[in-house]
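*Asks:* Okay, so here is run_11.txt, and as you'll see once you scroll down, it has compact mmCIF, C-alpha atoms.
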# COMPACT_ATOMS: atom_id res chain seq x y z
CA MET A 9 165.96 75.88 64.42
CA ALA A 10 166.22 73.87 67.64
CA VAL A 11 163.28 73.98 70.00
CA THR A 12 164.13 74.77 73.58
CA ARG A 13 162.10 73.04 76.24
CA ARG A 14 161.48 75.02 79.41
CA HIS A 15 160.07 73.64 82.65
CA ILE A 16 157.97 75.76 85.00
CA SER A 17 157.46 74.89 88.66
CA SER A 18 154.79 76.22 91.00
CA GLY A 19 156.82 75.30 94.05
CA SER A 20 154.37 72.55 94.98
CA ARG A 21 155.97 69.80 97.04
CA PHE A 22 154.16 67.31 94.79
CA GLU A 23 156.26 68.33 91.78
CA ALA A 24 159.52 67.60 93.59
CA GLU A 25 158.27 64.43 95.30
CA ILE A 26 156.68 62.89 92.20
CA GLY A 27 159.02 64.29 89.54
CA TYR A 28 156.99 66.46 87.19
CA SER A 29 156.64 70.12 86.20
CA ARG A 30 153.62 72.37 86.61
CA ALA A 31 154.09 73.36 82.99
CA VAL A 32 156.35 72.66 80.04
CA VAL A 33 156.93 75.14 77.22
CA ASP A 34 157.98 73.47 73.99
CA GLY A 35 157.78 75.32 70.68
CA ASP A 36 154.55 77.30 70.45
CA TYR A 37 152.72 75.29 73.10
CA VAL A 38 152.46 75.28 76.86
CA TRP A 39 151.20 72.17 78.61
CA VAL A 40 150.01 72.73 82.17
CA SER A 41 149.76 69.57 84.22
CA GLY A 42 146.73 68.55 86.21
CA THR A 43 146.35 71.36 88.72
CA THR A 44 144.25 71.13 91.85
CA GLY A 45 142.91 73.74 94.24
CA TYR A 46 145.92 73.75 96.55
CA ASP A 47 147.32 77.12 97.52
CA TYR A 48 150.96 76.14 97.06
CA ALA A 49 152.25 78.96 99.27
CA THR A 50 150.44 77.50 102.29
CA MET A 51 149.80 73.93 101.03
CA THR A 52 146.15 74.31 102.05
CA ILE A 53 143.01 73.47 100.11
CA ALA A 54 139.46 74.81 100.51
CA ASP A 55 136.55 72.47 101.16
CA ASP A 56 134.30 74.06 98.52
CA VAL A 57 134.68 72.77 94.94
CA ALA A 58 134.09 76.19 93.34
CA ALA A 59 136.77 77.71 95.60
CA GLN A 60 139.11 74.89 94.58
CA ALA A 61 138.40 75.60 90.91
CA GLU A 62 139.17 79.31 91.45
CA GLN A 63 142.49 78.45 93.11
CA ALA A 64 143.34 75.93 90.38
CA PHE A 65 142.80 78.65 87.78
CA ARG A 66 145.02 81.05 89.78
CA ASN A 67 147.72 78.35 89.79
CA ILE A 68 147.30 77.73 86.07
CA ALA A 69 147.29 81.45 85.25
CA ALA A 70 150.56 81.89 87.17
CA ALA A 71 152.23 79.09 85.19
CA LEU A 72 150.90 80.49 81.90
CA ALA A 73 152.14 83.98 82.78
CA GLU A 74 155.61 82.61 83.44
CA ALA A 75 155.43 80.91 80.04
CA GLY A 76 154.41 84.16 78.34
CA CYS A 77 150.69 83.69 77.79
CA THR A 78 147.32 83.88 79.55
CA LEU A 79 144.15 81.88 80.04
CA ASP A 80 142.90 83.50 76.82
CA ASP A 81 145.53 81.43 74.97
CA VAL A 82 144.16 78.08 76.21
CA VAL A 83 143.15 75.78 73.34
CA ARG A 84 142.32 72.60 75.30
CA ALA A 85 141.12 71.85 78.83
CA LEU A 86 140.62 68.62 80.74
CA PHE A 87 138.57 68.58 83.93
CA ILE A 88 138.55 65.71 86.42
CA VAL A 89 136.01 65.61 89.24
CA PRO A 90 135.44 62.64 91.54
CA ARG A 91 131.77 63.51 92.22
CA ARG A 92 129.27 64.27 89.47
CA GLU A 93 127.43 66.75 91.67
CA ASP A 94 130.60 68.86 91.90
CA TRP A 95 130.64 69.62 88.18
CA PRO A 96 127.74 72.14 87.80
CA PRO A 97 129.02 74.44 90.61
CA CYS A 98 132.28 74.78 88.62
CA TRP A 99 130.61 75.99 85.41
CA PRO A 100 130.48 79.70 86.36
CA VAL A 101 134.14 79.57 87.46
CA ILE A 102 135.19 77.93 84.20
CA ARG A 103 133.15 80.37 82.12
CA ARG A 104 134.75 83.31 83.97
CA HIS A 105 138.29 82.06 83.30
CA LEU A 106 137.95 80.38 79.90
CA GLY A 107 134.88 82.02 78.39
CA ARG A 108 136.89 84.20 76.02
CA ALA A 109 139.23 81.40 74.91
CA ARG A 110 136.43 78.81 74.53
CA PRO A 111 138.87 75.86 74.32
CA THR A 112 137.94 72.31 73.52
CA SER A 113 137.31 70.45 76.76
CA THR A 114 136.68 67.07 78.26
CA LEU A 115 135.27 66.06 81.65
CA ILE A 116 136.27 62.84 83.37
CA HIS A 117 134.79 61.48 86.59
CA ALA A 118 137.61 59.76 88.50
CA ALA A 119 139.18 59.59 91.93
CA LEU A 120 141.97 62.07 92.61
CA GLN A 121 145.20 61.67 94.60
CA GLU A 122 143.69 62.87 97.89
CA ASP A 123 140.09 62.89 99.10
CA ALA A 124 140.31 66.63 99.80
CA MET A 125 140.85 67.28 96.07
CA ARG A 126 137.50 67.86 94.37
CA ILE A 127 138.66 69.09 90.94
CA GLU A 128 141.79 68.83 88.82
CA ILE A 129 142.31 70.91 85.69
CA GLU A 130 144.82 70.41 82.89
CA VAL A 131 145.23 72.83 80.00
CA THR A 132 147.19 73.33 76.81
CA ALA A 133 147.83 76.86 75.57
CA ARG A 134 149.34 78.22 72.39
CA LEU A 135 151.85 81.01 72.66
CA THR A 136 151.05 84.04 70.54
CA ARG A 137 154.20 85.62 69.21
CA SER A 138 154.50 89.27 68.30
CA ALA A 139 155.79 89.94 64.79
Have the structure of the file written as structure tokens, please.
*Replies:*
Amino acid sequence: MAVTRRHISSGSRFEAEIGYSRAVVDGDYVWVSGTTGYDYATMTIADDVAAQAEQAFRNIAAALAEAGCTLDDVVRALFIVPRREDWPPCWPVIRRHLGRARPTSTLIHAALQEDAMRIEIEVTARLTRSA
């Protein structure tokens, strides 16, 4: 059986300008690219890191929904924060969105594309198929 690859876009100008997809569905897995706290409808971003994390999870959840799954299907998460002190304020947000899935996760401290970006989140989810 041939696997069909499906690309999902959030409508972010970054996807078109850089040449990537918000998410790719391939087989039983959904890979969601590094997602920041931009509200893609308005192309605005909050100053607060926890607010950015909330928006990033809304963006991720929208891509997962289009793929046919939810945050509860996430099996792996990668978090990138430029400033160490920004990590602890994100914990309650992460627990609220991923606490049921309890995926494996990694944190990296690194600069992001723009100074306004204070967190970037990438996830992999596994589609659950009904019998």
*Asks:* Suppose you want the space between atom CA of A:Val82 and atom CA of A:Ile116; what is it in Å?
*Replies:*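 Atom CA of A:Val82 sits 18.6 Å away from atom CA of A:Ile116.
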*Asks:* Between atom CA of A:Ala118 and atom CA of A:Thr44, what is the spacing in Å?
*Replies:*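 One can read the atom CA of A:Thr44 to atom CA of A:Ala118 distance as 13.6 Å.
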*Asks:* Pick from A:Trp99, A:Phe22, A:Tyr37, A:Tyr28: nearest to A:Val131, with only C-alpha atoms counted?
*Replies:*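 Selected residue with least distance to A:Val131: A:Tyr37.
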*Asks:* Just want the 10 Å neighbourhood of A:Ala109, counted on all atoms listed in the file, with same-chain residues fewer than 2 positions away dropped. Output as a list in words.
*Replies:* Thr78, Leu79, Asp80, Asp81, Val82, Val83, Arg84, Arg103, His105, Leu106, Gly107, Pro111, Thr112 and Ala133 of chain A
*Asks:* Do you know which residues are at most 9 Å from stretch 39-43 of chain A counting all atoms listed in the file, after dropping those on the same chain fewer than 3 positions away, and could you put them as number ranges by chain?
*Replies:* A: 16, 28-34, 46, 64-65, 67-68, 71-72, 86-88, 127-134
*Asks:* Save the residues we just selected, C-alpha atoms, as a compact mmCIF listing (two decimals), keeping the file's coordinate frame?
*Replies:*
# COMPACT_ATOMS: atom_id res chain seq x y z
CA ILE A 16 157.97 75.76 85.00
CA TYR A 28 156.99 66.46 87.19
CA SER A 29 156.64 70.12 86.20
CA ARG A 30 153.62 72.37 86.61
CA ALA A 31 154.09 73.36 82.99
CA VAL A 32 156.35 72.66 80.04
CA VAL A 33 156.93 75.14 77.22
CA ASP A 34 157.98 73.47 73.99
CA TYR A 46 145.92 73.75 96.55
CA ALA A 64 143.34 75.93 90.38
CA PHE A 65 142.80 78.65 87.78
CA ASN A 67 147.72 78.35 89.79
CA ILE A 68 147.30 77.73 86.07
CA ALA A 71 152.23 79.09 85.19
CA LEU A 72 150.90 80.49 81.90
CA LEU A 86 140.62 68.62 80.74
CA PHE A 87 138.57 68.58 83.93
CA ILE A 88 138.55 65.71 86.42
CA ILE A 127 138.66 69.09 90.94
CA GLU A 128 141.79 68.83 88.82
CA ILE A 129 142.31 70.91 85.69
CA GLU A 130 144.82 70.41 82.89
CA VAL A 131 145.23 72.83 80.00
CA THR A 132 147.19 73.33 76.81
CA ALA A 133 147.83 76.86 75.57
CA ARG A 134 149.34 78.22 72.39
*Asks:* So, counting all atoms listed in the file, which residue among A:Arg13, A:Glu25, A:Ser20, A:Val38 is closest to A:Thr52?
*Replies:*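 Closest to A:Thr52 of all the choices is A:Ser20.
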*Asks:* N, CA and C atoms for stretch 65-87 of chain A, written as a compact mmCIF listing (two decimals), keeping the file's coordinate frame, could you do that?
*Replies:*
# COMPACT_ATOMS: atom_id res chain seq x y z
N PHE A 65 142.61 77.71 88.87
CA PHE A 65 142.80 78.65 87.78
C PHE A 65 143.86 79.71 88.12
N ARG A 66 143.94 80.13 89.39
CA ARG A 66 145.02 81.05 89.78
C ARG A 66 146.38 80.37 89.58
N ASN A 67 146.47 79.10 89.97
CA ASN A 67 147.72 78.35 89.79
C ASN A 67 148.08 78.20 88.32
N ILE A 68 147.08 77.90 87.51
CA ILE A 68 147.30 77.73 86.07
C ILE A 68 147.70 79.07 85.45
N ALA A 69 146.99 80.14 85.81
CA ALA A 69 147.29 81.45 85.25
C ALA A 69 148.72 81.88 85.59
N ALA A 70 149.19 81.55 86.78
CA ALA A 70 150.56 81.89 87.17
C ALA A 70 151.57 81.15 86.30
N ALA A 71 151.32 79.87 86.05
CA ALA A 71 152.23 79.09 85.19
C ALA A 71 152.20 79.63 83.76
N LEU A 72 151.01 79.95 83.26
CA LEU A 72 150.90 80.49 81.90
C LEU A 72 151.61 81.83 81.79
N ALA A 73 151.48 82.67 82.80
CA ALA A 73 152.14 83.98 82.78
C ALA A 73 153.66 83.81 82.71
N GLU A 74 154.17 82.87 83.48
CA GLU A 74 155.61 82.61 83.44
C GLU A 74 156.05 82.11 82.06
N ALA A 75 155.14 81.42 81.39
CA ALA A 75 155.43 80.91 80.04
C ALA A 75 155.29 82.00 78.98
N GLY A 76 154.59 83.08 79.30
CA GLY A 76 154.41 84.16 78.34
C GLY A 76 153.04 84.21 77.69
N CYS A 77 152.04 83.62 78.34
CA CYS A 77 150.69 83.69 77.79
C CYS A 77 149.67 83.79 78.92
N THR A 78 148.38 83.72 78.57
CA THR A 78 147.32 83.88 79.55
C THR A 78 146.27 82.78 79.35
N LEU A 79 145.26 82.82 80.19
CA LEU A 79 144.15 81.88 80.04
C LEU A 79 143.43 82.08 78.71
N ASP A 80 143.51 83.26 78.12
CA ASP A 80 142.90 83.50 76.82
C ASP A 80 143.59 82.73 75.70
N ASP A 81 144.78 82.20 75.96
CA ASP A 81 145.53 81.43 74.97
C ASP A 81 145.28 79.92 75.08
N VAL A 82 144.43 79.51 76.01
CA VAL A 82 144.16 78.08 76.21
C VAL A 82 143.36 77.54 75.03
N VAL A 83 143.82 76.41 74.48
CA VAL A 83 143.15 75.78 73.34
C VAL A 83 142.50 74.44 73.71
N ARG A 84 142.87 73.89 74.86
CA ARG A 84 142.32 72.60 75.30
C ARG A 84 142.29 72.56 76.81
N ALA A 85 141.23 72.00 77.38
CA ALA A 85 141.12 71.85 78.83
C ALA A 85 140.57 70.47 79.16
N LEU A 86 141.10 69.91 80.22
CA LEU A 86 140.62 68.62 80.74
C LEU A 86 140.25 68.85 82.20
N PHE A 87 139.05 68.44 82.56
CA PHE A 87 138.57 68.58 83.93
C PHE A 87 138.33 67.19 84.50
